[in-house]
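Participant: So I've got this file, run-v3.txt, and it contains compact mmCIF, C-alpha atoms:
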```txt
# COMPACT_ATOMS: atom_id res chain seq x y z
CA MET A 293 0.00 0.00 0.00
CA LYS A 294 2.81 2.44 0.79
CA GLN A 295 4.21 2.08 -2.73
CA THR A 296 0.82 2.99 -4.18
CA VAL A 297 0.59 6.05 -1.93
CA ARG A 298 4.05 7.18 -3.05
CA VAL A 299 3.14 6.84 -6.73
CA ALA A 300 -0.13 8.71 -6.18
CA PHE A 301 1.62 11.45 -4.20
CA CYS A 302 4.21 11.91 -6.96
CA GLY A 303 1.43 12.03 -9.53
CA ILE A 304 -0.46 14.68 -7.60
CA VAL A 305 2.65 16.82 -7.16
CA THR A 306 3.47 16.42 -10.87
CA ALA A 307 -0.07 17.46 -11.82
CA LEU A 308 0.09 20.50 -9.52
CA SER A 309 3.43 21.49 -11.00
CA VAL A 310 2.00 21.26 -14.53
CA VAL A 311 -1.05 23.32 -13.55
CA ILE A 312 1.21 26.01 -12.10
CA MET A 313 3.31 25.98 -15.28
CA LEU A 314 0.17 26.25 -17.43
CA LEU A 315 -0.69 29.46 -15.59
CA SER A 316 2.14 31.09 -17.54
CA ALA A 317 -0.32 31.35 -20.45
CA VAL A 318 -2.70 33.33 -18.25
CA ILE A 319 -0.10 35.32 -16.30
CA PRO A 320 2.63 36.10 -18.84
CA ILE A 321 4.57 38.39 -16.50
CA ALA A 322 5.23 35.42 -14.19
CA THR A 323 7.69 33.72 -16.56
CA TYR A 324 10.27 33.39 -13.79
CA ALA A 325 8.06 33.13 -10.72
CA LEU A 326 5.84 30.27 -11.88
CA PRO A 327 8.68 27.83 -12.66
CA ALA A 328 10.19 28.62 -9.26
CA LEU A 329 6.85 28.01 -7.58
CA ALA A 330 6.29 24.75 -9.49
CA GLY A 331 9.80 23.60 -8.60
CA MET A 332 9.23 24.25 -4.91
CA LEU A 333 6.74 21.38 -4.88
CA GLY A 334 9.74 19.09 -5.33
CA ILE A 335 10.66 19.88 -1.73
CA MET A 336 7.60 17.94 -0.60
CA LEU A 337 8.68 14.92 -2.60
CA VAL A 338 12.24 14.98 -1.29
CA ILE A 339 11.09 15.20 2.32
CA GLU A 340 8.25 12.69 2.11
CA VAL A 341 9.39 10.05 -0.40
CA GLY A 342 13.02 10.83 -1.23
CA ILE A 343 15.12 12.01 -4.14
CA GLY A 344 14.65 8.72 -5.97
CA TRP A 345 10.95 9.54 -6.35
CA ALA A 346 11.33 13.29 -6.82
CA LEU A 347 13.58 13.09 -9.88
CA PRO A 348 11.13 11.03 -12.01
CA ALA A 349 8.36 13.46 -11.05
CA TYR A 350 10.59 16.32 -12.24
CA VAL A 351 11.27 14.48 -15.52
CA ALA A 352 7.54 13.83 -16.04
CA THR A 353 6.69 17.47 -15.38
CA SER A 354 9.45 18.60 -17.73
CA LEU A 355 8.24 16.37 -20.56
CA ILE A 356 4.67 17.60 -20.15
CA CYS A 357 5.90 21.21 -20.08
CA ILE A 358 7.79 20.75 -23.36
CA PHE A 359 4.63 19.78 -25.19
CA PHE A 360 1.83 21.63 -23.43
CA VAL A 361 3.09 24.81 -21.74
CA PRO A 362 2.62 27.69 -24.18
CA ASP A 363 5.28 29.92 -22.56
CA LYS A 364 8.40 28.09 -23.76
CA GLU A 365 10.69 30.42 -21.85
CA ALA A 366 8.98 29.47 -18.58
CA ALA A 367 9.22 25.78 -19.55
CA LEU A 368 12.92 26.24 -20.29
CA ILE A 369 13.51 27.85 -16.90
CA TYR A 370 11.71 24.98 -15.19
CA ILE A 371 13.63 22.31 -17.10
CA LEU A 372 17.09 23.85 -16.83
CA PHE A 373 16.96 25.06 -13.24
CA ALA A 374 13.83 25.65 -11.19
CA GLY A 375 12.46 22.13 -11.47
CA TYR A 376 15.45 20.19 -10.23
CA TYR A 377 17.28 22.68 -8.01
CA PRO A 378 14.98 22.21 -4.97
CA ILE A 379 15.54 18.45 -5.37
CA VAL A 380 19.35 18.56 -5.51
CA LYS A 381 19.63 21.30 -2.88
CA ALA A 382 19.44 18.85 0.04
CA PRO A 383 22.37 16.63 -0.98
CA ILE A 384 24.47 19.67 -1.83
CA GLU A 385 23.84 21.15 1.61
CA ARG A 386 24.98 17.91 3.26
CA LEU A 387 28.52 18.51 2.04
CA LYS A 388 31.02 19.09 4.82
CA THR A 389 32.26 22.47 3.65
CA ARG A 390 29.89 25.35 3.06
CA VAL A 391 32.26 26.94 0.55
CA LEU A 392 32.11 23.84 -1.67
CA ALA A 393 28.33 23.68 -1.30
CA TYR A 394 27.92 27.32 -2.35
CA ALA A 395 30.40 26.90 -5.21
CA ILE A 396 28.34 23.98 -6.54
CA LYS A 397 25.08 25.89 -6.09
CA PHE A 398 26.40 28.91 -7.98
CA ALA A 399 27.89 26.70 -10.69
CA ILE A 400 24.52 24.98 -11.19
CA PHE A 401 22.70 28.31 -11.34
CA ASN A 402 25.15 30.01 -13.70
CA VAL A 403 25.38 27.06 -16.09
CA ALA A 404 21.58 26.93 -16.17
CA VAL A 405 21.18 30.66 -16.78
CA ILE A 406 23.86 30.84 -19.47
CA SER A 407 22.42 27.72 -21.16
CA SER A 408 18.95 29.26 -21.01
CA PHE A 409 20.26 32.43 -22.60
CA PHE A 410 21.88 30.64 -25.53
CA LEU A 411 18.94 28.29 -26.04
CA ALA A 412 16.50 31.17 -25.92
CA VAL A 413 18.46 33.28 -28.40
CA TYR A 414 19.72 30.67 -30.85
CA VAL A 415 17.12 27.91 -30.69
CA MET A 416 13.92 29.62 -29.63
CA MET A 417 14.83 32.79 -31.58
CA VAL A 418 14.14 35.21 -28.72
CA PRO A 419 15.26 38.62 -30.05
CA MET A 420 18.51 39.97 -28.61
CA GLU A 421 16.67 43.24 -27.95
CA THR A 422 14.93 41.60 -24.99
CA PHE A 423 18.31 41.71 -23.22
CA MET A 424 18.73 45.43 -23.80
CA ILE A 425 17.86 48.19 -21.37
CA PHE A 426 17.79 51.74 -22.72
CA GLY A 427 19.68 50.55 -25.80
CA ALA A 428 22.55 48.94 -23.85
CA TYR A 429 23.18 45.20 -24.23
CA LEU A 430 23.45 43.99 -20.63
CA PRO A 431 23.53 40.18 -20.33
CA TRP A 432 26.45 40.25 -17.87
CA VAL A 433 24.71 42.80 -15.67
CA LEU A 434 21.55 40.70 -15.81
CA LEU A 435 23.60 37.63 -14.83
CA LEU A 436 25.03 39.50 -11.84
CA ILE A 437 21.53 40.60 -10.78
CA GLY A 438 20.37 37.01 -11.29
CA ASN A 439 23.07 35.76 -8.92
CA VAL A 440 21.92 38.19 -6.23
CA ILE A 441 18.33 37.03 -6.71
CA PHE A 442 19.55 33.42 -6.59
CA ILE A 443 21.02 34.03 -3.12
CA ILE A 444 17.65 35.31 -1.95
CA TYR A 445 15.87 32.38 -3.63
CA ASP A 446 18.21 29.86 -1.98
CA PHE A 447 17.64 31.34 1.48
CA ALA A 448 13.88 31.45 0.85
CA LEU A 449 13.95 27.77 -0.15
CA SER A 450 15.81 26.90 3.04
CA GLY A 451 13.21 28.75 5.09
CA LEU A 452 10.44 27.01 3.19
CA VAL A 453 11.99 23.61 3.92
CA VAL A 454 12.13 24.37 7.64
CA THR A 455 8.55 25.66 7.68
CA TYR A 456 7.28 22.68 5.68
CA TYR A 457 9.07 20.24 7.95
CA ARG A 458 7.60 21.82 11.08
CA LYS A 459 4.04 22.41 9.86
CA LEU A 460 3.13 19.92 7.12
CA HIS A 461 5.51 17.01 7.51
CA PRO A 462 3.73 15.72 10.63
CA VAL A 463 0.50 15.52 8.59
CA PHE A 464 2.02 13.78 5.56
CA ARG A 465 4.28 11.50 7.63
CA LYS A 466 1.20 9.45 8.58
CA TRP A 467 0.67 8.49 4.92
CA PHE A 468 4.11 7.04 4.40
```
Mind converting the file's structure to C-alpha cells?
Facilitator:
Amino acid sequence: MKQTVRVAFCGIVTALSVVIMLLSAVIPIATYALPALAGMLGIMLVIEVGIGWALPAYVATSLICIFFVPDKEAALIYILFAGYYPIVKAPIERLKTRVLAYAIKFAIFNVAVISSFFLAVYVMMVPMETFMIFGAYLPWVLLLIGNVIFIIYDFALSGLVVTYYRKLHPVFRKWF
C-alpha cells in the first residue's frame, strides 16, 4: 500500500506542477516566478518520499511542459533550473564544507542561466533586444543581478523547507 501512496503522491505533485506551469499562459509576466513556484513542490517529494521519487516526477513534469506549456521560456527555466534545483539542494547542503556547497550551487545556477540564454536566443529565436535596457546590451549585468536574486531564492527555499518540515511534515508523515 505504501508504494501505491508514493506513486499517487508523486502524480499529484506532478499534476500540480504542470497546472502552475500552465498558468504562464494566463499570467505572462510570471515567466520566472511560476517555474520557481512549481519547482518548490519538489521539496515535498524529497522530504516525504526521497530524491529517488522526486527526480522522475521532475522528468515527467518537464516532458509535459515541453509539449503543453505555451510559454516556452517558462518551460525552459523549469527544465534547466527551477524544477530540479529544490531536489538537488538537500544533498548539496549535506557537504562538509559550506564553501564547496555554495560553489556547486552557484555553478549549477550560472550554467543553467547561461544555457537558457543561448537556447532562448539561438534555438527559440528570442530577439537579442529583450536583453537590452535603454539601448545597452546587458547580459552580464543581468547575470550579476540574477546571482543576487539566486542568493535570496536559496535562502527562501531553506526557510520554506524548515517551515514545511515543522508544519506539514507531521501531517504527511502518517501516509508514508
Participant: Find the distance between CA of Ile406 (chain A) and CA of Pro431 (chain A) and write it in Å to one decimal.
Facilitator: 9.4 Å
Participant: May I have the residues within 7 Å of Ile335 (chain A) as a list in words, using only C-alpha atoms and disregarding those fewer than 2 positions away in the same chain?
Facilitator: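 Near Ile335 (chain A), the qualifying residues are Met332, Leu333, Leu337, Val338, Ile339, Pro378, Ile379 and Val453 of chain A.
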Participant: Using all atoms listed in the file, which of the listed residues (A:Met336, A:Ile400, A:Ala412, A:Val361) sits closest to His461 (chain A)?
Facilitator: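 The closest residue to His461 (chain A) is A:Met336.
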Participant: So what do you get for CA of Leu372 (chain A) versus CA of Ser408 (chain A), distance-wise?
Facilitator: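 We find that CA of Leu372 (chain A) and CA of Ser408 (chain A) lie 7.1 Å from each other.
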Participant: Mind giving me the straight-line distance from CA of Leu314 (chain A) to CA of Cys357 (chain A) in Å, one decimal?
Facilitator: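 It comes out at 8.1 Å.
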Participant: Looking at A:Ala300, A:Val305, A:Ile356, A:Val405, which one is nearest to Phe442 (chain A), with distances taken over only C-alpha atoms?
Facilitator: A:Val405
Participant: Would you list the contacts of region 316-321 of chain A as a list in words, taking every protein, DNA or RNA residue within 8 Å and counting only C-alpha atoms, but skipping same-chain residues closer than 5 positions in sequence?
Facilitator: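 Once the adjacent positions are removed, what remains is Leu326, Val361, Pro362, Asp363 and Ala366 of chain A.
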Participant: May I have the residues within 10 Å of Phe398 (chain A) as a count of residues only, using only C-alpha atoms and disregarding those fewer than 5 positions away in the same chain?
Facilitator: 7
Participant: Using all atoms listed in the file - which residues lie no farther than 12 Å from the point (17.6, 28.6, -1.3) in the file's frame? Write them as a PyMOL selection string.
Facilitator: chain A and resi 328+331-332+335+374+377-382+384-385+393-394+397-398+401+439-454
Participant: Name the closest residue to Val418 (chain A) among the candidates A:Leu315, A:Ser354, A:Thr323, A:Lys364; distances are taken between atoms, counting only C-alpha atoms.
Facilitator: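 Using only C-alpha atoms, the shortest distance to Val418 (chain A) belongs to A:Lys364.
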Participant: Please provide as a ChimeraX atom specification all residues within 12 Å of Thr422 (chain A), with the sequence filter that same-chain residues fewer than 4 positions apart are discarded (counting only C-alpha atoms).
Facilitator: /A:409,412-413,417-418,426-431,434
Participant: Which one is closest to Ala322 (chain A): A:Ala346, A:Ile358, A:Ala367, A:Ala352? Count all atoms listed in the file.
Facilitator: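 Checking each candidate against Ala322 (chain A), we get A:Ala367 as the closest.
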Participant: For Tyr370 (chain A), which residue out of A:Pro419, A:Pro462, A:Gly438, A:Gly334 is the nearest one, using only C-alpha atoms?
Facilitator: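 Selected residue with least distance to Tyr370 (chain A): A:Gly334.
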